[in-house]
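Coordinates from query-v5.cif are shown below (mmCIF, C-alpha atoms).
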```
data_start
#
loop_
_atom_site.label_atom_id
_atom_site.label_comp_id
_atom_site.auth_asym_id
_atom_site.auth_seq_id
_atom_site.Cartn_x
_atom_site.Cartn_y
_atom_site.Cartn_z
CA MET G 1102 41.69 -86.83 81.71
CA LYS G 1103 40.18 -83.45 82.48
CA LYS G 1104 37.68 -81.73 80.21
CA LYS G 1105 40.46 -80.04 78.26
CA ILE G 1106 43.94 -81.40 77.65
CA ARG G 1107 46.37 -78.83 79.04
CA TRP G 1108 49.51 -78.22 76.99
CA GLY G 1109 52.89 -76.80 77.85
CA MET G 1110 55.21 -75.44 75.15
CA LEU G 1111 58.92 -76.16 75.63
CA GLY G 1112 60.88 -73.83 73.37
CA PRO G 1113 58.93 -70.83 71.99
CA GLY G 1114 60.50 -70.72 68.51
CA GLY G 1115 58.94 -70.53 65.07
CA ILE G 1116 57.66 -74.10 64.96
CA ALA G 1117 56.06 -73.65 68.40
CA HIS G 1118 54.20 -70.60 67.08
CA LYS G 1119 52.75 -72.67 64.20
CA PHE G 1120 51.84 -75.45 66.60
CA ALA G 1121 50.19 -73.08 69.08
CA THR G 1122 48.18 -71.43 66.32
CA ALA G 1123 46.75 -74.81 65.30
CA LEU G 1124 46.20 -75.92 68.89
CA LYS G 1125 44.06 -72.83 69.50
CA ALA G 1126 41.67 -74.20 66.85
CA ILE G 1127 41.02 -77.35 68.92
CA PRO G 1128 38.23 -76.82 71.51
CA ASP G 1129 39.42 -79.83 73.50
CA ALA G 1130 42.89 -78.36 74.12
CA GLU G 1131 44.41 -75.30 75.75
CA ILE G 1132 47.91 -73.92 76.23
CA VAL G 1133 48.51 -73.27 79.92
CA ALA G 1134 52.31 -72.89 80.13
CA VAL G 1135 55.42 -72.07 78.15
CA GLY G 1136 59.06 -72.56 79.06
CA SER G 1137 62.22 -71.01 77.65
CA ARG G 1138 65.78 -70.47 78.81
CA ASP G 1139 65.06 -66.80 78.14
CA LEU G 1140 62.12 -65.54 80.23
CA LYS G 1141 61.60 -62.60 77.85
CA ARG G 1142 60.97 -65.05 75.00
CA ALA G 1143 58.56 -67.02 77.18
CA ASP G 1144 56.74 -63.81 78.06
CA ALA G 1145 56.48 -62.77 74.42
CA PHE G 1146 55.05 -66.16 73.45
CA ALA G 1147 52.65 -66.12 76.38
CA ASP G 1148 51.43 -62.64 75.47
CA THR G 1149 50.82 -63.73 71.87
CA PHE G 1150 48.83 -66.84 72.77
CA ASP G 1151 47.33 -65.76 76.11
CA VAL G 1152 49.24 -68.34 78.16
CA PRO G 1153 48.97 -67.94 81.95
CA HIS G 1154 52.17 -69.68 83.14
CA ARG G 1155 55.56 -68.42 81.94
CA HIS G 1156 58.80 -70.17 82.94
CA GLY G 1157 62.38 -69.01 82.50
CA ASN G 1158 63.71 -72.58 82.43
CA TYR G 1159 62.57 -76.01 81.30
CA VAL G 1160 62.64 -77.65 84.73
CA GLU G 1161 59.88 -75.39 86.07
CA LEU G 1162 57.74 -76.15 83.04
CA ALA G 1163 58.24 -79.91 83.38
CA ASN G 1164 57.16 -79.74 87.02
CA ASN G 1165 54.14 -77.50 86.49
CA CYS G 1166 51.22 -79.50 87.91
CA GLU G 1167 48.75 -77.66 85.66
CA VAL G 1168 50.25 -79.30 82.54
CA ASP G 1169 49.13 -82.66 81.08
CA VAL G 1170 51.34 -82.89 78.00
CA ILE G 1171 54.38 -80.99 76.75
CA TYR G 1172 55.31 -80.19 73.17
CA VAL G 1173 59.11 -80.21 72.81
CA ALA G 1174 60.09 -77.72 70.11
CA THR G 1175 63.81 -77.16 70.67
CA PRO G 1176 66.51 -77.74 68.01
CA HIS G 1177 67.20 -81.41 67.21
CA PRO G 1178 70.16 -82.04 69.57
CA PHE G 1179 68.13 -81.06 72.61
CA HIS G 1180 65.06 -83.25 72.00
CA LYS G 1181 66.34 -86.16 74.05
CA ALA G 1182 67.29 -84.20 77.18
CA CYS G 1183 64.17 -82.03 77.16
CA ALA G 1184 61.77 -84.89 76.45
CA MET G 1185 63.36 -87.07 79.15
CA LEU G 1186 63.09 -84.22 81.63
CA CYS G 1187 59.36 -84.04 80.97
CA LEU G 1188 58.79 -87.80 81.00
CA GLU G 1189 60.63 -88.17 84.30
CA ALA G 1190 58.41 -85.42 85.71
CA GLY G 1191 55.34 -87.48 84.81
CA LYS G 1192 54.31 -85.56 81.70
CA ALA G 1193 53.19 -86.94 78.34
CA VAL G 1194 55.38 -85.68 75.49
CA LEU G 1195 54.92 -84.79 71.84
CA CYS G 1196 58.47 -84.32 70.55
CA GLU G 1197 59.19 -82.42 67.36
CA LYS G 1198 60.67 -84.43 64.50
CA PRO G 1199 63.11 -86.01 64.20
CA LEU G 1200 62.53 -87.71 67.53
CA THR G 1201 66.27 -87.47 68.25
CA VAL G 1202 69.51 -86.91 66.35
CA ASP G 1203 70.60 -90.55 66.27
CA VAL G 1204 69.71 -94.10 67.25
CA LYS G 1205 71.54 -94.05 70.58
CA GLN G 1206 69.57 -91.02 71.73
CA ALA G 1207 66.29 -92.45 70.42
CA GLU G 1208 66.76 -95.76 72.21
CA ALA G 1209 67.43 -93.96 75.49
CA LEU G 1210 64.42 -91.68 75.08
CA ILE G 1211 62.04 -94.51 74.20
CA ALA G 1212 63.35 -96.58 77.12
CA CYS G 1213 62.69 -93.63 79.43
CA ALA G 1214 59.10 -93.28 78.22
CA ARG G 1215 58.45 -96.97 78.72
CA GLU G 1216 60.13 -97.07 82.12
CA HIS G 1217 58.05 -94.16 83.40
CA LYS G 1218 54.91 -95.38 81.60
CA GLN G 1219 54.37 -92.01 79.94
CA PHE G 1220 53.01 -91.22 76.48
CA LEU G 1221 55.61 -90.26 73.86
CA MET G 1222 55.16 -89.54 70.16
CA GLU G 1223 57.27 -88.02 67.42
CA ALA G 1224 55.55 -84.94 65.98
CA MET G 1225 55.50 -86.21 62.41
CA TRP G 1226 52.51 -84.01 61.68
CA THR G 1227 52.24 -85.00 58.01
CA ARG G 1228 51.34 -88.56 59.05
CA PHE G 1229 48.01 -87.33 60.43
CA ILE G 1230 46.72 -84.89 57.80
CA PRO G 1231 43.44 -86.05 56.18
CA VAL G 1232 44.90 -86.62 52.70
CA MET G 1233 47.55 -88.95 54.12
CA VAL G 1234 44.89 -90.80 56.10
CA LYS G 1235 43.04 -91.35 52.81
CA VAL G 1236 46.23 -92.53 51.12
CA ARG G 1237 46.68 -95.17 53.82
CA GLU G 1238 43.09 -96.28 53.27
CA TRP G 1239 43.73 -96.70 49.53
CA LEU G 1240 46.86 -98.71 50.24
CA ALA G 1241 45.17 -100.90 52.86
CA ASP G 1242 42.25 -101.58 50.49
CA GLY G 1243 44.64 -102.60 47.71
CA VAL G 1244 43.22 -100.01 45.33
CA ILE G 1245 46.53 -99.69 43.42
CA GLY G 1246 47.42 -103.35 43.90
CA GLU G 1247 50.76 -104.13 45.49
CA PRO G 1248 52.85 -100.97 46.04
CA ARG G 1249 56.19 -101.46 44.28
CA MET G 1250 57.91 -98.10 43.97
CA LEU G 1251 57.85 -94.72 45.65
CA THR G 1252 59.44 -91.40 44.78
CA ALA G 1253 59.46 -88.41 47.10
CA ASP G 1254 61.47 -85.22 47.21
CA PHE G 1255 61.55 -82.30 49.60
CA GLY G 1256 63.89 -79.48 48.75
CA ASN G 1257 63.84 -75.83 49.81
CA ARG G 1258 66.24 -73.18 48.60
CA VAL G 1259 67.88 -71.12 51.31
CA VAL G 1260 70.11 -68.49 49.73
CA LEU G 1261 73.68 -68.85 50.99
CA THR G 1262 74.12 -65.40 52.47
CA ALA G 1263 76.55 -64.81 55.31
CA GLU G 1264 73.60 -64.29 57.66
CA ASN G 1265 71.74 -67.45 56.61
CA MET G 1266 74.86 -69.57 56.96
CA LYS G 1267 75.00 -68.59 60.62
CA GLY G 1268 71.50 -70.02 61.20
CA ARG G 1269 70.41 -73.38 62.57
CA LEU G 1270 70.06 -75.08 59.18
CA PHE G 1271 73.76 -74.70 58.43
CA ALA G 1272 75.06 -75.23 61.98
CA LEU G 1273 76.78 -78.60 62.39
CA GLU G 1274 76.77 -78.13 66.17
CA LEU G 1275 72.95 -77.99 66.02
CA ALA G 1276 72.68 -81.04 63.72
CA GLY G 1277 71.71 -78.84 60.82
CA GLY G 1278 71.40 -80.02 57.24
CA ALA G 1279 68.74 -81.29 54.89
CA MET G 1280 68.18 -84.84 56.11
CA LEU G 1281 67.19 -84.23 59.72
CA ASP G 1282 65.29 -81.04 58.92
CA ILE G 1283 63.15 -82.09 55.93
CA GLY G 1284 64.56 -85.34 54.50
CA VAL G 1285 63.01 -87.09 57.48
CA TYR G 1286 59.59 -86.46 55.90
CA THR G 1287 60.55 -88.52 52.84
CA VAL G 1288 62.04 -91.34 54.94
CA SER G 1289 58.91 -91.38 57.12
CA LEU G 1290 56.69 -91.59 54.04
CA ALA G 1291 58.67 -94.53 52.70
CA SER G 1292 58.39 -96.19 56.11
CA MET G 1293 54.62 -95.67 56.09
CA VAL G 1294 54.30 -97.36 52.70
CA PHE G 1295 56.91 -100.12 52.81
CA GLY G 1296 58.14 -100.55 56.39
CA VAL G 1297 61.77 -101.24 57.29
CA PRO G 1298 64.30 -101.24 54.42
CA THR G 1299 66.77 -104.08 53.93
CA GLN G 1300 69.25 -102.08 51.87
CA ILE G 1301 70.20 -98.39 52.05
CA THR G 1302 72.32 -96.54 49.50
CA SER G 1303 72.88 -92.79 49.81
CA LEU G 1304 74.90 -89.86 48.51
CA ALA G 1305 75.13 -86.28 49.75
CA HIS G 1306 76.78 -82.96 49.07
CA ILE G 1307 78.39 -81.63 52.25
CA GLY G 1308 78.62 -77.84 52.24
CA GLU G 1309 81.32 -75.56 53.58
CA THR G 1310 79.77 -75.45 57.08
CA GLY G 1311 79.90 -79.24 57.26
CA VAL G 1312 76.18 -80.05 56.92
CA ASP G 1313 74.41 -82.01 54.20
CA GLU G 1314 73.02 -79.43 51.79
CA GLN G 1315 71.40 -82.01 49.53
CA ALA G 1316 71.11 -85.77 49.54
CA ALA G 1317 69.58 -88.71 47.74
CA VAL G 1318 68.64 -92.06 49.28
CA LEU G 1319 67.65 -95.34 47.65
CA LEU G 1320 65.88 -97.87 49.84
CA ARG G 1321 65.19 -101.50 48.96
CA TYR G 1322 62.76 -103.76 50.82
CA ASP G 1323 62.19 -107.48 51.36
CA ALA G 1324 59.96 -108.05 48.34
CA GLY G 1325 62.08 -105.91 46.03
CA GLN G 1326 60.16 -102.66 46.46
CA ILE G 1327 62.23 -99.51 45.96
CA ALA G 1328 61.92 -95.97 47.35
CA SER G 1329 63.83 -93.11 45.73
CA LEU G 1330 64.11 -90.12 48.06
CA SER G 1331 65.84 -86.75 47.90
CA CYS G 1332 66.10 -83.65 50.06
CA ALA G 1333 67.85 -80.28 49.96
CA ILE G 1334 68.16 -76.98 51.76
CA THR G 1335 69.87 -75.14 48.89
CA THR G 1336 67.73 -76.38 45.98
CA ARG G 1337 63.99 -75.98 45.51
CA THR G 1338 62.34 -79.19 44.28
CA SER G 1339 58.77 -80.14 43.36
CA GLN G 1340 58.12 -81.57 46.85
CA ASP G 1341 55.82 -84.21 45.38
CA ALA G 1342 55.40 -87.92 46.09
CA ARG G 1343 54.21 -90.78 43.90
CA ILE G 1344 53.37 -94.33 44.93
CA PHE G 1345 53.32 -96.86 42.08
CA GLY G 1346 51.50 -100.16 42.41
CA THR G 1347 50.68 -103.14 40.21
CA LYS G 1348 47.20 -101.75 39.43
CA GLY G 1349 47.75 -98.01 39.51
CA SER G 1350 49.38 -95.10 41.30
CA ILE G 1351 48.83 -92.31 43.81
CA TYR G 1352 50.15 -88.80 43.19
CA ILE G 1353 50.51 -86.48 46.20
CA PRO G 1354 51.52 -82.93 45.28
CA ASN G 1355 53.32 -80.98 47.99
CA PHE G 1356 53.18 -84.19 50.01
CA SER G 1357 54.50 -82.86 53.30
CA ARG G 1358 51.46 -80.57 53.68
CA ALA G 1359 49.14 -82.15 51.14
CA THR G 1360 45.56 -81.03 50.77
CA SER G 1361 44.97 -83.05 47.58
CA ALA G 1362 45.87 -86.38 45.98
CA THR G 1363 45.11 -88.13 42.72
CA LEU G 1364 44.33 -91.83 42.45
CA GLU G 1365 44.93 -93.43 39.06
CA VAL G 1366 43.72 -97.01 38.65
CA LEU G 1367 44.41 -98.80 35.38
CA GLY G 1368 41.35 -98.70 33.12
CA LYS G 1369 39.52 -96.08 35.21
CA GLU G 1370 39.24 -92.29 35.20
CA PRO G 1371 41.59 -90.54 37.66
CA LEU G 1372 40.04 -89.63 41.00
CA GLN G 1373 41.23 -86.42 42.64
CA ILE G 1374 40.41 -85.63 46.25
CA GLU G 1375 40.82 -82.29 48.03
CA ILE G 1376 40.66 -81.96 51.81
CA PRO G 1377 41.62 -78.54 53.20
CA PHE G 1378 43.04 -78.16 56.69
CA ILE G 1379 40.99 -76.94 59.63
CA ASP G 1380 43.85 -74.54 60.39
CA ASN G 1381 47.48 -75.00 59.29
CA GLY G 1382 47.67 -78.81 59.42
CA PHE G 1383 49.40 -79.13 62.79
CA GLU G 1384 46.03 -79.62 64.46
CA TYR G 1385 45.70 -83.26 63.40
CA GLN G 1386 48.65 -84.44 65.47
CA VAL G 1387 47.14 -82.56 68.42
CA LEU G 1388 43.93 -84.53 67.96
CA GLU G 1389 45.91 -87.78 67.79
CA VAL G 1390 47.65 -87.02 71.09
CA ILE G 1391 44.36 -86.09 72.75
CA ASN G 1392 42.71 -89.30 71.55
CA CYS G 1393 45.66 -91.38 72.77
CA LEU G 1394 45.69 -89.74 76.19
CA ARG G 1395 41.95 -90.20 76.63
CA ALA G 1396 42.35 -93.87 75.68
CA ASP G 1397 45.24 -94.28 78.16
CA LYS G 1398 47.64 -95.22 75.35
CA LEU G 1399 51.39 -94.81 75.83
CA GLU G 1400 52.07 -94.42 72.11
CA SER G 1401 50.27 -93.83 68.84
CA ASP G 1402 49.24 -96.66 66.54
CA VAL G 1403 49.78 -94.33 63.56
CA MET G 1404 53.26 -93.13 64.59
CA PRO G 1405 54.56 -95.84 66.96
CA LEU G 1406 57.91 -95.44 68.72
CA ASP G 1407 59.51 -98.49 67.09
CA GLU G 1408 58.81 -96.94 63.69
CA SER G 1409 60.32 -93.62 64.72
CA LEU G 1410 63.39 -95.58 65.83
CA SER G 1411 63.57 -97.39 62.48
CA ILE G 1412 63.40 -94.08 60.60
CA ILE G 1413 66.30 -92.71 62.63
CA LYS G 1414 68.29 -95.88 61.95
CA THR G 1415 67.82 -95.34 58.21
CA MET G 1416 69.07 -91.76 58.49
CA ASP G 1417 72.00 -92.88 60.64
CA VAL G 1418 73.09 -95.36 57.96
CA ALA G 1419 72.85 -92.69 55.27
CA ARG G 1420 74.90 -90.24 57.31
CA THR G 1421 77.55 -92.89 57.95
CA GLN G 1422 77.82 -93.45 54.22
CA TRP G 1423 78.47 -89.72 53.78
CA GLY G 1424 81.10 -89.68 56.52
CA LEU G 1425 79.14 -86.99 58.37
CA GLU G 1426 79.57 -86.84 62.14
CA TYR G 1427 78.18 -84.30 64.60
CA PRO G 1428 80.38 -82.75 67.29
CA PRO G 1429 79.43 -83.22 70.97
CA PHE G 1430 76.31 -81.26 71.75
CA SER G 1431 76.19 -78.74 74.57
CA SER G 1432 73.79 -79.13 77.49
CA VAL G 1433 70.47 -77.35 77.23
CA LEU G 1434 69.22 -77.84 80.80
#
```
Could you take the file, read its structure, and then write that structure out as structure tokens?
Amino acid sequence: MKKKIRWGMLGPGGIAHKFATALKAIPDAEIVAVGSRDLKRADAFADTFDVPHRHGNYVELANNCEVDVIYVATPHPFHKACAMLCLEAGKAVLCEKPLTVDVKQAEALIACAREHKQFLMEAMWTRFIPVMVKVREWLADGVIGEPRMLTADFGNRVVLTAENMKGRLFALELAGGAMLDIGVYTVSLASMVFGVPTQITSLAHIGETGVDEQAAVLLRYDAGQIASLSCAITTRTSQDARIFGTKGSIYIPNFSRATSATLEVLGKEPLQIEIPFIDNGFEYQVLEVINCLRADKLESDVMPLDESLSIIKTMDVARTQWGLEYPPFSSVL
């Protein structure tokens, strides 16, 4: 790869602004292009982040020869089409979470990446933050013994005004709702700790716009481990996670963007660690992509594609139990 990894931004929305801010803090990366269906939005983004190439459609961005890797930051239903467009054009892709809306889309997207031998990773940025790296080290070293239970919640309160209910979070046609937007963080955490569940039990409250406004999921695993997860877009929760093992526990406050964690081992004094971000936390997934590309990897060992697929399968099962179906999605290309 060239001295700097050159990034293209597909979809200049709010999450892309956060991502670009963090990427600017990485000396080994630069943003060279942005694409939007609205050229004015692309221009505004480019002016903000000093991006030289501005495209009024996604096809031009995907075919820009100055770009090494593209960050797909569109709403959930458009991840598959946009990511496949980039992969087929010979570009590596970091796709915003969830990787796709459902299993069928995810299988097609992963197959495309493997067919074209291009790098693809779900942008589960919390997987790469330093505190979570340390948590994995504790688990791998058996510091808390055998992990047996996990609790994690992620709930934000969005006031149900007429204006807010017109937004993406409450739009069934954009796969809105709590699970795909923020519940995926809890499911991903459980996957990181325990792997693939053998039993899934879930309940949800479906709001007047047809999306899941809050949900709870119980997951059981081969050896009897249990994960208790909850998410919401109309109720603020503690947003904490706890992992309980046979010799102790790990407490992760504000787990989705954690900068601290507390290790409690039976018979020992609690150990608290604090690791602040370099920027806003998004930078660590950027570093993972750069390292993978320089090592000629087609996927990340930390966030492999088969695991992303498993996480989507879990969410699909939960949604089926709620009786929640999405309408056909419109084309974005």
Residues returned when the PyMOL selection byres ((chain G and resi 1285-1299) around 7) runs on this file, as a list in words | Pro1199, Ala1253, Asp1254, Met1280, Leu1281, Asp1282, Ile1283, Gly1284, Gln1300, Ile1301, Leu1320, Arg1321, Tyr1322, Asp1323, Ala1328, Leu1330, Ser1357, Ser1411 and Ile1412 of chain G
Just to be explicit: take each residue in the selection above, keep C-alpha atoms, and write the result as a short mmCIF file (atom, residue, chain, number, x, y, z; two decimals), keeping the file's coordinate frame.
```
data_model
loop_
_atom_site.label_atom_id
_atom_site.label_comp_id
_atom_site.auth_asym_id
_atom_site.auth_seq_id
_atom_site.Cartn_x
_atom_site.Cartn_y
_atom_site.Cartn_z
CA PRO G 1199 63.11 -86.01 64.20
CA ALA G 1253 59.46 -88.41 47.10
CA ASP G 1254 61.47 -85.22 47.21
CA MET G 1280 68.18 -84.84 56.11
CA LEU G 1281 67.19 -84.23 59.72
CA ASP G 1282 65.29 -81.04 58.92
CA ILE G 1283 63.15 -82.09 55.93
CA GLY G 1284 64.56 -85.34 54.50
CA GLN G 1300 69.25 -102.08 51.87
CA ILE G 1301 70.20 -98.39 52.05
CA LEU G 1320 65.88 -97.87 49.84
CA ARG G 1321 65.19 -101.50 48.96
CA TYR G 1322 62.76 -103.76 50.82
CA ASP G 1323 62.19 -107.48 51.36
CA ALA G 1328 61.92 -95.97 47.35
CA LEU G 1330 64.11 -90.12 48.06
CA SER G 1357 54.50 -82.86 53.30
CA SER G 1411 63.57 -97.39 62.48
CA ILE G 1412 63.40 -94.08 60.60
#
```
One residue among G:Trp1108, G:Phe1150, G:Phe1120, G:Tyr1159 is nearest to Ala1134 in chain G when using all atoms listed in the file, and that residue is G:Trp1108
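With all atoms listed in the file as the atoms that count, the residue of G:Gln1422, G:Gln1326, G:Thr1360, G:Asn1381 with the shortest distance to Lys1235 in chain G is G:Thr1360.
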Could you write out as an MDAnalysis selection string the residues that the PyMOL selection byres ((chain G and resi 1365-1373) around 9) matches in the shown file?
-> chainID G and resid 1244:1245 1348:1352 1361:1364 1374:1375
Expansion of the PyMOL selection byres ((chain G and resi 1232) around 10) into residues, as a CSV table (one decimal) with C-alpha atoms, in the frame of the given file:
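Result file follows (result_21.csv):
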```csv
chain,number,residue,atom,x,y,z
G,1227,THR,CA,52.2,-85.0,58.0
G,1228,ARG,CA,51.3,-88.6,59.0
G,1229,PHE,CA,48.0,-87.3,60.4
G,1230,ILE,CA,46.7,-84.9,57.8
G,1231,PRO,CA,43.4,-86.0,56.2
G,1233,MET,CA,47.6,-89.0,54.1
G,1234,VAL,CA,44.9,-90.8,56.1
G,1235,LYS,CA,43.0,-91.4,52.8
G,1236,VAL,CA,46.2,-92.5,51.1
G,1237,ARG,CA,46.7,-95.2,53.8
G,1238,GLU,CA,43.1,-96.3,53.3
G,1353,ILE,CA,50.5,-86.5,46.2
G,1356,PHE,CA,53.2,-84.2,50.0
G,1358,ARG,CA,51.5,-80.6,53.7
G,1359,ALA,CA,49.1,-82.2,51.1
G,1360,THR,CA,45.6,-81.0,50.8
G,1361,SER,CA,45.0,-83.0,47.6
G,1362,ALA,CA,45.9,-86.4,46.0
G,1374,ILE,CA,40.4,-85.6,46.2
G,1375,GLU,CA,40.8,-82.3,48.0
G,1376,ILE,CA,40.7,-82.0,51.8
G,1377,PRO,CA,41.6,-78.5,53.2
G,1378,PHE,CA,43.0,-78.2,56.7
```
Shortest interatomic distance to Lys1181 in chain G - which of G:Ile1116, G:Leu1210, G:Val1168, G:Ala1324, counting all atoms listed in the file | G:Leu1210
With distances taken over all atoms listed in the file, the candidate from G:Phe1255, G:Trp1423, G:Phe1345, G:Phe1383 nearest Thr1122 in chain G is G:Phe1383
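Minimum atom-to-atom distance to Val1202 in chain G, evaluated using all atoms listed in the file, belongs to G:Leu1273 out of G:Leu1273, G:Leu1434, G:Ala1396, G:Ile1171.
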Ala1145 in chain G surroundings by all atoms listed in the file, 12 Å radius, close-in-sequence under 2 positions cut, as a ChimeraX atom specification = /G:1112-1114,1118,1135-1137,1139-1143,1147-1157
Just the residues within 10 Å of Ile1211 in chain G, please, counting only C-alpha atoms, with nothing from its chain fewer than 3 positions along; format it as a PyMOL selection string.
-> chain G and resi 1181+1184-1185+1200+1206-1208+1214-1216+1219-1222+1406-1407+1409-1410
Minimum-distance residue to Cys1393 in chain G, chosen among G:Asn1265, G:Leu1195, G:Asp1417, G:Asn1158 (using only C-alpha atoms) = G:Leu1195
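For the pair CA of Gly1243 in chain G and CA of Gly1382 in chain G, the separation is 26.7 Å.
When CA of Lys1198 in chain G is paired with CA of Glu1247 in chain G, their separation reads 29.1 Å.
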Adding 6 Å on each side of the box along x, y and z that holds all listed atoms of range 1134-1147 of chain G, could you give its centre and edge lengths in Å to one decimal, as AutoDock Vina command-line options?
```
--center_x 59.0 --center_y -67.7 --center_z 76.8 --size_x 25.5 --size_y 22.3 --size_z 18.8
```
Excluding same-chain residues fewer than 6 positions from Val1433 in chain G, what lies within 8 Å of it counting only C-alpha atoms, as a ChimeraX atom specification?
-> /G:1179,1182-1183
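For the atom pair formed by CA of Ala1276 in chain G and CA of Ala1123 in chain G, the distance is 26.7 Å, given to one decimal.
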Mind listing as a VMD selection string all residues within 12 Å of (52.3, -79.7, 88.2), counting only C-alpha atoms?
-> chain G and resid 1107 to 1109 1133 to 1134 1154 1160 to 1171 1187 1190 to 1192
Those residues you just picked out, can you put them in a file as a compact mmCIF listing (two decimals), in the frame of the given file with C-alpha atoms?
```
# COMPACT_ATOMS: atom_id res chain seq x y z
CA ARG G 1107 46.37 -78.83 79.04
CA TRP G 1108 49.51 -78.22 76.99
CA GLY G 1109 52.89 -76.80 77.85
CA VAL G 1133 48.51 -73.27 79.92
CA ALA G 1134 52.31 -72.89 80.13
CA HIS G 1154 52.17 -69.68 83.14
CA VAL G 1160 62.64 -77.65 84.73
CA GLU G 1161 59.88 -75.39 86.07
CA LEU G 1162 57.74 -76.15 83.04
CA ALA G 1163 58.24 -79.91 83.38
CA ASN G 1164 57.16 -79.74 87.02
CA ASN G 1165 54.14 -77.50 86.49
CA CYS G 1166 51.22 -79.50 87.91
CA GLU G 1167 48.75 -77.66 85.66
CA VAL G 1168 50.25 -79.30 82.54
CA ASP G 1169 49.13 -82.66 81.08
CA VAL G 1170 51.34 -82.89 78.00
CA ILE G 1171 54.38 -80.99 76.75
CA CYS G 1187 59.36 -84.04 80.97
CA ALA G 1190 58.41 -85.42 85.71
CA GLY G 1191 55.34 -87.48 84.81
CA LYS G 1192 54.31 -85.56 81.70
```
